[in-house]
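**Student:** My structure is stored as input-v8.cif, with mmCIF, C-alpha atoms.
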```
data_entry
#
loop_
_atom_site.label_atom_id
_atom_site.label_comp_id
_atom_site.auth_asym_id
_atom_site.auth_seq_id
_atom_site.Cartn_x
_atom_site.Cartn_y
_atom_site.Cartn_z
CA MET A 1 86.18 -91.48 -58.84
CA ARG A 2 88.88 -92.38 -61.32
CA LEU A 3 86.76 -93.38 -64.28
CA LEU A 4 88.83 -94.58 -67.20
CA VAL A 5 87.41 -91.94 -69.42
CA LEU A 6 88.99 -89.30 -67.23
CA LEU A 7 92.46 -90.78 -67.08
CA PHE A 8 93.91 -88.96 -70.05
CA LEU A 9 93.69 -85.25 -69.31
CA LEU A 10 95.93 -83.44 -71.75
CA GLU A 11 98.05 -80.50 -70.67
CA ILE A 12 97.26 -78.17 -73.57
CA HIS A 13 98.72 -74.78 -74.36
CA ALA A 14 98.00 -72.84 -77.51
CA ALA A 15 101.57 -73.24 -78.71
CA ALA A 16 101.82 -76.94 -77.79
CA ALA A 17 101.76 -79.82 -80.26
CA VAL A 18 98.35 -81.24 -81.08
CA PHE A 19 97.59 -84.78 -79.99
CA HIS A 20 94.86 -86.67 -81.80
CA SER A 21 93.20 -89.67 -80.19
CA LEU A 22 91.35 -92.83 -81.15
CA ARG A 23 89.63 -94.44 -78.18
CA TYR A 24 87.32 -97.40 -77.81
CA PHE A 25 85.26 -98.01 -74.71
CA TYR A 26 83.18 -100.95 -73.43
CA THR A 27 80.98 -100.98 -70.38
CA ALA A 28 78.87 -103.75 -68.91
CA SER A 29 76.55 -102.88 -66.03
CA SER A 30 74.24 -104.73 -63.70
CA GLY A 31 71.49 -103.46 -61.46
CA VAL A 32 70.95 -100.24 -63.46
CA PRO A 33 67.24 -99.88 -64.29
CA ASN A 34 66.16 -98.67 -67.73
CA PHE A 35 69.69 -98.77 -69.05
CA PRO A 36 71.42 -101.18 -71.49
CA GLU A 37 73.47 -103.93 -69.87
CA PHE A 38 76.24 -103.33 -72.38
CA VAL A 39 77.37 -100.27 -74.32
CA ALA A 40 80.24 -99.94 -76.79
CA VAL A 41 81.45 -96.71 -78.35
CA GLY A 42 84.37 -95.44 -80.43
CA LEU A 43 85.61 -91.85 -80.43
CA VAL A 44 88.07 -89.86 -82.53
CA ASP A 45 89.31 -86.71 -80.81
CA ASP A 46 86.47 -87.14 -78.28
CA VAL A 47 83.87 -87.19 -81.08
CA GLN A 48 81.72 -90.31 -81.07
CA ILE A 49 81.94 -92.18 -84.37
CA ILE A 50 80.19 -95.48 -83.64
CA HIS A 51 77.80 -96.86 -81.03
CA TYR A 52 76.42 -100.25 -79.97
CA ASP A 53 74.23 -101.27 -77.06
CA SER A 54 72.60 -104.47 -75.87
CA ASN A 55 69.09 -103.14 -76.53
CA SER A 56 69.50 -102.46 -80.25
CA ARG A 57 72.21 -105.10 -80.79
CA ARG A 58 73.38 -103.16 -83.82
CA ALA A 59 76.43 -101.00 -84.41
CA GLU A 60 75.44 -97.57 -85.70
CA LEU A 61 77.46 -94.73 -87.23
CA LYS A 62 77.28 -91.44 -85.34
CA GLN A 63 78.88 -89.12 -87.92
CA ASP A 64 77.87 -88.51 -91.53
CA TRP A 65 81.47 -88.60 -92.70
CA MET A 66 81.77 -92.19 -91.43
CA LYS A 67 79.61 -93.24 -94.38
CA GLN A 68 82.80 -93.14 -96.42
CA VAL A 69 84.05 -96.03 -94.30
CA ILE A 70 81.00 -98.04 -95.39
CA ALA A 71 81.63 -97.09 -99.00
CA ASP A 72 85.17 -98.46 -98.72
CA ASP A 73 84.16 -101.49 -96.65
CA PRO A 74 80.46 -102.50 -96.82
CA SER A 75 80.99 -105.11 -94.07
CA TYR A 76 82.18 -102.55 -91.52
CA LEU A 77 78.97 -102.24 -89.47
CA GLU A 78 78.22 -105.95 -89.53
CA THR A 79 81.68 -106.79 -88.27
CA GLN A 80 81.50 -104.16 -85.55
CA THR A 81 78.12 -105.56 -84.50
CA GLN A 82 79.56 -109.07 -84.20
CA VAL A 83 82.55 -107.80 -82.24
CA ALA A 84 80.41 -105.91 -79.74
CA PHE A 85 77.82 -108.68 -79.41
CA GLY A 86 80.54 -111.21 -78.61
CA SER A 87 82.00 -108.93 -75.96
CA GLN A 88 78.59 -108.42 -74.40
CA GLN A 89 78.55 -111.92 -72.91
CA VAL A 90 82.19 -111.80 -71.79
CA PHE A 91 81.72 -108.52 -69.96
CA LYS A 92 78.50 -109.63 -68.33
CA SER A 93 80.22 -112.71 -66.90
CA ALA A 94 83.14 -110.58 -65.72
CA ILE A 95 80.89 -108.74 -63.28
CA GLU A 96 79.72 -112.03 -61.79
CA ILE A 97 83.33 -113.16 -61.38
CA LEU A 98 84.43 -109.92 -59.73
CA LYS A 99 81.56 -109.48 -57.29
CA PRO A 100 82.71 -112.29 -54.98
CA ARG A 101 86.27 -110.92 -55.04
CA PHE A 102 84.96 -107.65 -53.66
CA ASN A 103 82.60 -109.42 -51.23
CA GLN A 104 79.56 -108.18 -53.12
CA THR A 105 76.25 -109.76 -53.98
CA GLY A 106 73.63 -107.44 -55.45
CA GLY A 107 73.67 -103.72 -56.19
CA VAL A 108 74.83 -101.62 -59.13
CA HIS A 109 78.15 -102.65 -60.71
CA THR A 110 80.13 -101.84 -63.85
CA TYR A 111 83.02 -103.46 -65.67
CA GLN A 112 84.79 -101.22 -68.19
CA TRP A 113 87.54 -101.44 -70.75
CA MET A 114 89.18 -98.50 -72.47
CA TYR A 115 91.87 -98.79 -75.10
CA GLY A 116 93.26 -96.66 -77.88
CA CYS A 117 96.11 -94.42 -78.89
CA GLU A 118 97.19 -90.79 -79.19
CA TRP A 119 99.31 -89.39 -81.99
CA ASP A 120 101.29 -86.15 -82.03
CA ASP A 121 100.85 -84.76 -85.53
CA GLU A 122 104.06 -82.72 -85.23
CA THR A 123 106.57 -85.13 -83.70
CA GLY A 124 104.95 -88.43 -84.65
CA GLU A 125 105.00 -89.57 -81.03
CA VAL A 126 102.47 -92.33 -80.27
CA ARG A 127 101.04 -93.31 -76.90
CA GLY A 128 98.78 -96.30 -76.33
CA TYR A 129 96.60 -97.42 -73.44
CA HIS A 130 94.78 -100.62 -72.54
CA GLN A 131 92.99 -100.48 -69.19
CA PHE A 132 90.13 -101.95 -67.21
CA ALA A 133 88.02 -100.59 -64.37
CA TYR A 134 85.51 -102.10 -61.98
CA ASP A 135 82.85 -99.96 -60.34
CA GLY A 136 84.55 -96.82 -61.63
CA GLU A 137 87.93 -97.62 -60.06
CA ASP A 138 91.15 -98.77 -61.72
CA PHE A 139 91.29 -102.56 -61.85
CA ILE A 140 94.14 -103.58 -64.15
CA ALA A 141 96.19 -102.01 -66.95
CA LEU A 142 98.80 -103.13 -69.47
CA ASP A 143 102.11 -101.26 -69.38
CA LEU A 144 103.02 -101.19 -73.06
CA LYS A 145 106.68 -100.41 -72.37
CA THR A 146 107.38 -103.35 -70.08
CA LEU A 147 104.56 -105.55 -71.47
CA THR A 148 103.41 -106.36 -67.96
CA TRP A 149 100.05 -105.94 -66.30
CA ILE A 150 99.72 -103.57 -63.35
CA ALA A 151 97.20 -104.36 -60.62
CA PRO A 152 96.44 -101.36 -58.37
CA THR A 153 94.03 -103.38 -56.25
CA PRO A 154 94.56 -106.75 -54.48
CA GLN A 155 91.48 -108.18 -56.18
CA ALA A 156 93.26 -107.91 -59.55
CA VAL A 157 96.41 -109.83 -58.59
CA ILE A 158 94.96 -113.16 -59.77
CA THR A 159 94.15 -111.67 -63.14
CA LYS A 160 97.55 -109.97 -63.33
CA HIS A 161 99.46 -113.25 -62.93
CA LYS A 162 97.29 -115.02 -65.48
CA TRP A 163 97.56 -112.30 -68.11
CA ASN A 164 101.28 -111.73 -67.56
CA SER A 165 101.87 -115.34 -68.59
CA ASP A 166 100.43 -114.69 -72.06
CA GLU A 167 103.51 -113.01 -73.54
CA GLY A 168 102.33 -113.49 -77.11
CA TYR A 169 99.12 -111.59 -76.51
CA ASN A 170 100.94 -108.76 -74.76
CA LYS A 171 103.41 -108.38 -77.63
CA ARG A 172 100.57 -108.27 -80.13
CA GLN A 173 98.99 -105.49 -78.10
CA GLN A 174 102.20 -103.49 -78.22
CA TYR A 175 102.28 -103.82 -82.01
CA TYR A 176 98.64 -102.84 -82.32
CA TYR A 177 98.94 -99.68 -80.22
CA THR A 178 102.20 -98.49 -81.78
CA GLN A 179 101.48 -99.41 -85.41
CA ILE A 180 97.89 -100.35 -86.29
CA CYS A 181 95.99 -97.97 -84.01
CA PRO A 182 97.79 -94.78 -85.09
CA GLU A 183 97.38 -95.75 -88.75
CA TRP A 184 93.65 -96.07 -88.24
CA LEU A 185 93.55 -92.82 -86.34
CA LYS A 186 95.13 -91.06 -89.32
CA LYS A 187 92.60 -92.69 -91.67
CA TYR A 188 89.66 -91.55 -89.57
CA LEU A 189 91.11 -88.04 -89.38
CA ASN A 190 91.32 -88.04 -93.16
CA TYR A 191 87.73 -89.27 -93.50
CA GLY A 192 86.41 -86.56 -91.18
CA LYS A 193 88.98 -83.81 -91.68
CA SER A 194 86.34 -81.18 -92.53
CA ARG A 195 84.81 -81.70 -89.09
CA LEU A 196 87.57 -83.11 -86.91
CA LEU A 197 90.36 -80.73 -87.90
CA ARG A 198 88.35 -77.52 -87.60
CA THR A 199 88.70 -75.04 -84.75
CA GLU A 200 85.85 -73.07 -83.21
CA LEU A 201 86.30 -70.55 -80.42
CA PRO A 202 83.69 -70.40 -77.67
CA ARG A 203 81.22 -67.85 -76.41
CA VAL A 204 82.32 -66.89 -72.91
CA ALA A 205 80.02 -65.60 -70.18
CA LEU A 206 80.57 -64.71 -66.52
CA LEU A 207 77.84 -65.97 -64.21
CA GLN A 208 77.08 -65.59 -60.51
CA LYS A 209 73.99 -66.91 -58.79
CA GLU A 210 74.22 -64.76 -55.65
CA PRO A 211 76.62 -62.01 -54.51
CA THR A 212 78.37 -64.51 -52.25
CA SER A 213 78.41 -67.35 -54.80
CA PRO A 214 81.49 -68.32 -56.82
CA ILE A 215 81.94 -66.50 -60.12
CA VAL A 216 81.61 -68.93 -63.01
CA CYS A 217 83.43 -68.46 -66.29
CA HIS A 218 81.43 -70.51 -68.79
CA ALA A 219 82.83 -71.23 -72.27
CA THR A 220 80.60 -73.02 -74.77
CA GLY A 221 80.62 -73.83 -78.47
CA PHE A 222 84.32 -74.60 -78.86
CA PHE A 223 85.97 -77.37 -80.86
CA PRO A 224 88.01 -79.51 -80.44
CA ALA A 225 87.71 -80.58 -76.81
CA ARG A 226 91.44 -80.13 -76.21
CA ALA A 227 91.18 -76.86 -74.35
CA MET A 228 92.07 -75.18 -71.08
CA LEU A 229 90.03 -72.70 -69.08
CA PHE A 230 91.49 -71.00 -66.03
CA TRP A 231 91.51 -67.85 -63.91
CA THR A 232 94.44 -65.46 -63.61
CA LYS A 233 95.30 -62.70 -61.14
CA ASP A 234 97.67 -60.00 -62.34
CA GLY A 235 98.41 -62.23 -65.32
CA GLU A 236 99.42 -65.25 -63.20
CA GLU A 237 97.39 -68.45 -63.26
CA LEU A 238 95.44 -69.12 -60.06
CA HIS A 239 95.30 -72.57 -58.49
CA GLU A 240 93.75 -71.83 -55.10
CA ASP A 241 90.07 -70.97 -54.76
CA VAL A 242 89.50 -72.20 -58.31
CA ASP A 243 87.51 -75.23 -59.49
CA VAL A 244 87.76 -76.20 -63.16
CA GLY A 245 85.38 -78.70 -64.77
CA GLU A 246 85.97 -81.11 -67.63
CA ALA A 247 85.08 -80.38 -71.24
CA LEU A 248 81.52 -81.63 -71.74
CA PRO A 249 79.82 -82.30 -75.09
CA ASN A 250 77.06 -80.08 -76.42
CA PRO A 251 74.22 -81.54 -78.50
CA ASP A 252 75.60 -79.85 -81.63
CA GLY A 253 78.97 -81.63 -81.38
CA THR A 254 80.87 -78.73 -79.82
CA PHE A 255 82.02 -78.61 -76.20
CA GLN A 256 81.64 -76.51 -73.10
CA MET A 257 83.46 -76.15 -69.80
CA ARG A 258 83.39 -73.94 -66.74
CA ALA A 259 85.85 -72.57 -64.20
CA GLU A 260 84.68 -71.28 -60.81
CA LEU A 261 86.46 -68.55 -58.87
CA ARG A 262 85.81 -68.12 -55.14
CA LEU A 263 86.59 -64.61 -53.90
CA SER A 264 86.86 -64.73 -50.12
CA ASP A 265 87.00 -60.95 -49.97
CA PRO A 266 84.35 -59.41 -52.27
CA SER A 267 85.94 -55.98 -51.79
CA VAL A 268 89.10 -56.89 -53.71
CA ASP A 269 89.94 -55.19 -56.98
CA TRP A 270 88.13 -57.34 -59.51
CA GLY A 271 90.07 -55.75 -62.33
CA ARG A 272 93.07 -57.86 -61.36
CA TYR A 273 91.26 -61.06 -62.38
CA SER A 274 90.64 -62.55 -65.84
CA CYS A 275 89.28 -65.76 -67.26
CA VAL A 276 91.53 -67.28 -69.94
CA PHE A 277 90.53 -69.83 -72.58
CA GLN A 278 93.14 -71.71 -74.62
CA LEU A 279 92.34 -73.99 -77.57
CA ALA A 280 94.75 -76.51 -79.04
CA GLY A 281 96.09 -75.31 -82.37
CA VAL A 282 95.07 -71.68 -81.79
CA MET A 283 97.89 -69.33 -80.89
CA GLU A 284 95.87 -66.50 -79.37
CA ASP A 285 94.20 -66.85 -75.97
CA LYS A 286 90.65 -65.66 -75.42
CA VAL A 287 90.82 -63.44 -72.33
CA THR A 288 87.72 -62.21 -70.48
CA PRO A 289 88.43 -59.57 -67.79
CA LEU A 290 86.37 -59.81 -64.61
CA ARG A 291 84.10 -56.78 -64.49
CA LYS A 292 81.04 -56.56 -62.26
CA GLU A 293 78.96 -55.00 -65.02
CA ASP A 294 79.63 -58.02 -67.27
CA ILE A 295 78.43 -60.64 -64.79
CA TRP A 296 75.06 -62.24 -65.46
CA THR A 297 73.06 -63.06 -62.35
CA ASN A 298 69.55 -64.28 -61.63
CA ARG A 299 68.32 -60.85 -62.69
CA GLU A 300 68.94 -61.85 -66.32
CA PRO A 301 66.83 -65.03 -66.61
CA ASP A 302 66.89 -65.38 -70.40
CA LEU A 303 70.63 -65.89 -70.75
CA ASN A 304 70.91 -67.91 -67.57
CA LEU A 305 68.12 -70.22 -68.62
CA GLY A 306 69.79 -70.94 -71.93
CA LEU A 307 73.15 -71.59 -70.32
CA ILE A 308 71.68 -73.75 -67.59
CA VAL A 309 69.64 -75.81 -70.03
CA GLY A 310 72.73 -76.27 -72.20
CA ALA A 311 74.80 -77.29 -69.21
CA VAL A 312 72.18 -79.78 -68.04
CA VAL A 313 71.90 -81.35 -71.49
CA ALA A 314 75.68 -81.61 -71.77
CA ALA A 315 75.94 -83.05 -68.27
CA VAL A 316 73.40 -85.72 -69.12
CA VAL A 317 75.29 -86.61 -72.30
CA ALA A 318 78.60 -86.69 -70.41
CA LEU A 319 77.08 -88.83 -67.68
CA GLY A 320 75.91 -91.22 -70.35
CA LEU A 321 79.44 -91.44 -71.72
CA MET A 322 80.92 -92.21 -68.33
CA VAL A 323 78.24 -94.45 -66.85
CA ALA A 324 77.46 -96.33 -70.04
CA GLY A 325 81.16 -96.63 -70.56
CA PHE A 326 81.09 -95.96 -74.27
CA PHE A 327 83.82 -98.54 -74.51
CA ILE A 328 84.38 -100.46 -77.72
CA TYR A 329 86.18 -103.78 -77.69
CA ARG A 330 88.36 -103.48 -80.77
CA ARG A 331 91.19 -105.96 -81.24
CA ARG A 332 94.20 -105.72 -83.47
CA ARG A 333 93.87 -105.65 -87.23
CA THR A 334 96.01 -105.34 -90.29
CA ALA A 335 96.94 -101.88 -91.51
CA LYS A 336 95.22 -102.59 -94.81
CA ALA A 337 91.58 -102.34 -93.72
CA PRO A 338 89.41 -101.01 -90.83
CA PRO A 339 88.44 -103.13 -87.83
CA SER A 340 85.66 -104.57 -89.96
CA SER A 341 87.58 -106.63 -92.51
CA ASN A 342 86.11 -109.94 -93.64
CA ASN A 343 89.51 -111.53 -93.20
CA THR A 344 89.07 -114.24 -90.56
CA SER A 345 92.69 -115.17 -89.96
CA GLU A 346 93.82 -115.63 -86.39
CA GLU A 347 95.63 -112.31 -86.40
CA ASP A 348 92.58 -110.34 -87.52
CA LEU A 349 89.79 -111.81 -85.38
CA PRO A 350 89.05 -108.98 -82.92
CA LEU A 351 87.40 -111.26 -80.38
CA LYS A 352 89.37 -114.48 -80.69
CA PRO A 353 89.28 -115.79 -77.06
CA GLU A 354 92.90 -116.95 -76.94
CA THR A 355 94.21 -113.57 -78.13
CA ARG A 356 92.35 -111.12 -75.90
CA PRO A 357 91.94 -110.85 -72.11
CA PRO A 358 88.98 -113.02 -71.10
CA ALA A 359 86.82 -112.34 -68.09
CA PRO A 360 88.95 -112.14 -64.92
CA GLU A 361 89.72 -115.53 -63.42
#
```
Please re-express this file's structure in structure tokens.
**Tutor:**
Amino acid sequence: MRLLVLLFLLEIHAAAAVFHSLRYFYTASSGVPNFPEFVAVGLVDDVQIIHYDSNSRRAELKQDWMKQVIADDPSYLETQTQVAFGSQQVFKSAIEILKPRFNQTGGVHTYQWMYGCEWDDETGEVRGYHQFAYDGEDFIALDLKTLTWIAPTPQAVITKHKWNSDEGYNKRQQYYYTQICPEWLKKYLNYGKSRLLRTELPRVALLQKEPTSPIVCHATGFFPARAMLFWTKDGEELHEDVDVGEALPNPDGTFQMRAELRLSDPSVDWGRYSCVFQLAGVMEDKVTPLRKEDIWTNREPDLNLGLIVGAVVAAVVALGLMVAGFFIYRRRRTAKAPPSSNNTSEEDLPLKPETRPPAPE
């Protein structure tokens, strides 16, 4: 399933440039019991900074350092609340418009929007993205280079033609993602630099449920999320018989990930294998050789229980991010103030209907 939140996997090596990201996510859902119909979230470097849902109907800060934003702009939360509340109705109607296109009636459905930018703090390179998904699959996306909409599914062609005709809107998006968004990303990084720009290496453990089970290399407690975990044999990275998971959030704000190694022949020389962890901005790799005596199995319940509980909690949090969407609908703004300015000019209104994609038609 190509959820939008998974579209931007970074190829990270310890010596590579560091990309920082500002992403906003919206998700509307229908038919999901005991879950908000609409969720909006903003993240800086995969750290959630603000949250809104249709149950509370209030935007809330998720990081202590974001209080400085309120100090600089007391209207920030109120404006974000209005933005998200306005989108709530638009996204709800979008699902009803799209269901007939896909020959659907009832059931569980989601409509998602993800937009934001990435900034290379060494080269200054900026990349933007503005994409929609329906039921977890790509629906339509704006190509910021050609300023045209791309429809990967036939059901989006109608929307593509309609949105391609709004050249003014598309040009404003290009300006926002190349100028305004990266400026705000830098401001947020400055606000939260003590937390966002830190590096923390993980604790690494080797786990195996049964003698015939895959060997799991589990790294937890690292920050930021821009990391790679992989297996090597004789110093060469393995691609076959290896399954690598995504970086998942821990309750304490750090991240964890796991890489499984399937050994078809248990009699091979295990000393030839190692698990390697690489963290963006850290030059030295963390290498864990594969030794039988270092593997934790079901015979060591204390450690396993802690790791399993941590993994379950992180999986639940990650599932919430993906299913709820955590997508904030944030339109273009001036470079002078955050998305919550009181300025109500046409250029600054984040939800002005004629300047943002409406529900699909």
**Student:** Hey, what comes out of the PyMOL selection byres ((chain A and resi 29) around 7) on this file? Could you write it as a ChimeraX atom specification?
**Tutor:** /A:27-28,30-32,37-38,109-111
**Student:** Write out the residues from the selection above, keeping C-alpha atoms, as an mmCIF file, in the frame of the given file.
**Tutor:**
```cif
data_model
loop_
_atom_site.group_PDB
_atom_site.id
_atom_site.type_symbol
_atom_site.label_atom_id
_atom_site.label_comp_id
_atom_site.auth_asym_id
_atom_site.auth_seq_id
_atom_site.Cartn_x
_atom_site.Cartn_y
_atom_site.Cartn_z
ATOM 1 C CA THR A 27 80.980 -100.980 -70.380
ATOM 2 C CA ALA A 28 78.870 -103.750 -68.910
ATOM 3 C CA SER A 30 74.240 -104.730 -63.700
ATOM 4 C CA GLY A 31 71.490 -103.460 -61.460
ATOM 5 C CA VAL A 32 70.950 -100.240 -63.460
ATOM 6 C CA GLU A 37 73.470 -103.930 -69.870
ATOM 7 C CA PHE A 38 76.240 -103.330 -72.380
ATOM 8 C CA HIS A 109 78.150 -102.650 -60.710
ATOM 9 C CA THR A 110 80.130 -101.840 -63.850
ATOM 10 C CA TYR A 111 83.020 -103.460 -65.670
#
```
**Student:** For this file, the PyMOL selection byres ((chain A and resi 131) around 8) selects which residues, as a compact mmCIF listing (two decimals) with C-alpha atoms, keeping the file's coordinate frame?
**Tutor:**
```txt
# COMPACT_ATOMS: atom_id res chain seq x y z
CA LEU A 4 88.83 -94.58 -67.20
CA TRP A 113 87.54 -101.44 -70.75
CA MET A 114 89.18 -98.50 -72.47
CA TYR A 115 91.87 -98.79 -75.10
CA TYR A 129 96.60 -97.42 -73.44
CA HIS A 130 94.78 -100.62 -72.54
CA PHE A 132 90.13 -101.95 -67.21
CA ALA A 133 88.02 -100.59 -64.37
CA ASP A 138 91.15 -98.77 -61.72
CA PHE A 139 91.29 -102.56 -61.85
CA ILE A 140 94.14 -103.58 -64.15
CA ALA A 141 96.19 -102.01 -66.95
CA LEU A 142 98.80 -103.13 -69.47
```
**Student:** For the file shown, report as a list of chain:residue names the outcome of the PyMOL selection byres ((chain A and resi 69) around 12) at residue level.
**Tutor:** A:Ile49, A:Ile50, A:Leu61, A:Gln63, A:Asp64, A:Trp65, A:Met66, A:Lys67, A:Gln68, A:Ile70, A:Ala71, A:Asp72, A:Asp73, A:Pro74, A:Ser75, A:Tyr76, A:Leu77, A:Trp184, A:Lys187, A:Tyr188, A:Leu189, A:Asn190, A:Tyr191, A:Gly192, A:Ala337, A:Pro338, A:Pro339, A:Ser340, A:Ser341
**Student:** Please determine, counting only C-alpha atoms, which residue among A:Ala259, A:Gln155, A:Leu185, A:Glu237 has the shortest atom-to-atom distance to Pro100 in chain A.
**Tutor:**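 Selected residue with least distance to Pro100 in chain A: A:Gln155.
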**Student:** Measuring between only C-alpha atoms, which one of A:Cys117, A:Ala59, A:Val268, A:Ala227 shows the shortest distance to Pro182 in chain A?
**Tutor:** A:Cys117
**Student:** Quick one: distance from CA of Asn34 in chain A to CA of Gln256 in chain A in Å, one decimal?
**Tutor:**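 Atom-to-atom, CA of Asn34 in chain A and CA of Gln256 in chain A are spaced 27.6 Å apart.
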**Student:** Name all residues at most 9 Å from range 85-89 of chain A (count all atoms listed in the file; drop same-chain ones fewer than 5 positions away) and give them as a ChimeraX atom specification.
**Tutor:** /A:26-28,37-40,52-54,57-58,80,94,328-329,351
**Student:** With distances taken over only C-alpha atoms, which residue among A:Ser213, A:Thr220, A:Asn164, A:Ser56 lies nearest Asp252 in chain A?
**Tutor:**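 Smallest separation from Asp252 in chain A among the options: A:Thr220.
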**Student:** List as number ranges by chain the residues having at least one atom at most 8 Å from position (91.0, -70.4, -71.9) as given in the file, counting only C-alpha atoms.
**Tutor:** A: 227-230, 275-279, 285-287
**Student:** So how far away is CA of Lys186 in chain A from CA of Pro202 in chain A, in Å?
**Tutor:**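 Those two atoms sit 26.3 Å apart.
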**Student:** Choose the residue, out of A:Gln174, A:Val282, A:Glu118, A:Thr105, that has the smallest atom-to-atom separation from Asp143 in chain A; count all atoms listed in the file.
**Tutor:**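 For Asp143 in chain A, the nearest of the given residues is A:Gln174.
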**Student:** Using the file's own x, y and z axes, what box holds all listed atoms of range 56-63 of chain A with 5 Å on each side, keeping edges along x, y and z, and what are its centre and edge lengths in Å to one decimal, as lines of an AutoDock Vina configuration file?
**Tutor:**
```
center_x = 74.2
center_y = -97.1
center_z = -84.1
size_x = 19.4
size_y = 26.0
size_z = 17.7
```
**Student:** Fewer than 2 positions away in the same chain doesn't count, so skip those; otherwise give me all residues within 8 Å of Val204 in chain A, counting all atoms listed in the file, as number ranges by chain.
**Tutor:** A: 202, 206, 217-220, 288
**Student:** For CA of Val244 in chain A and CA of Ile295 in chain A, quote the distance in Å rounded to one decimal.
**Tutor:**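 Between CA of Val244 in chain A and CA of Ile295 in chain A the gap is 18.2 Å.
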**Student:** So which one's closest to Pro211 in chain A, A:Cys181, A:Ala156, A:Leu263, A:Leu22? Using only C-alpha atoms, please.
**Tutor:**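 Going through A:Cys181, A:Ala156, A:Leu263, A:Leu22 one by one, the smallest distance to Pro211 in chain A is for A:Leu263.
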**Student:** Do a neighbour search on Arg272 in chain A at 8 Å with all atoms listed in the file, toss out local chain neighbours closer than 2 positions, and write the hits as a list of chain:residue names.
**Tutor:** A:Lys233, A:Asp234, A:Gly235, A:Asp269, A:Trp270, A:Ser274, A:Leu290
**Student:** Nearest residue to Ala84 in chain A out of A:Leu238, A:Ala280, A:Val47, A:Val41, using all atoms listed in the file?
**Tutor:**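 Closest to Ala84 in chain A, using all atoms listed in the file: A:Val41.
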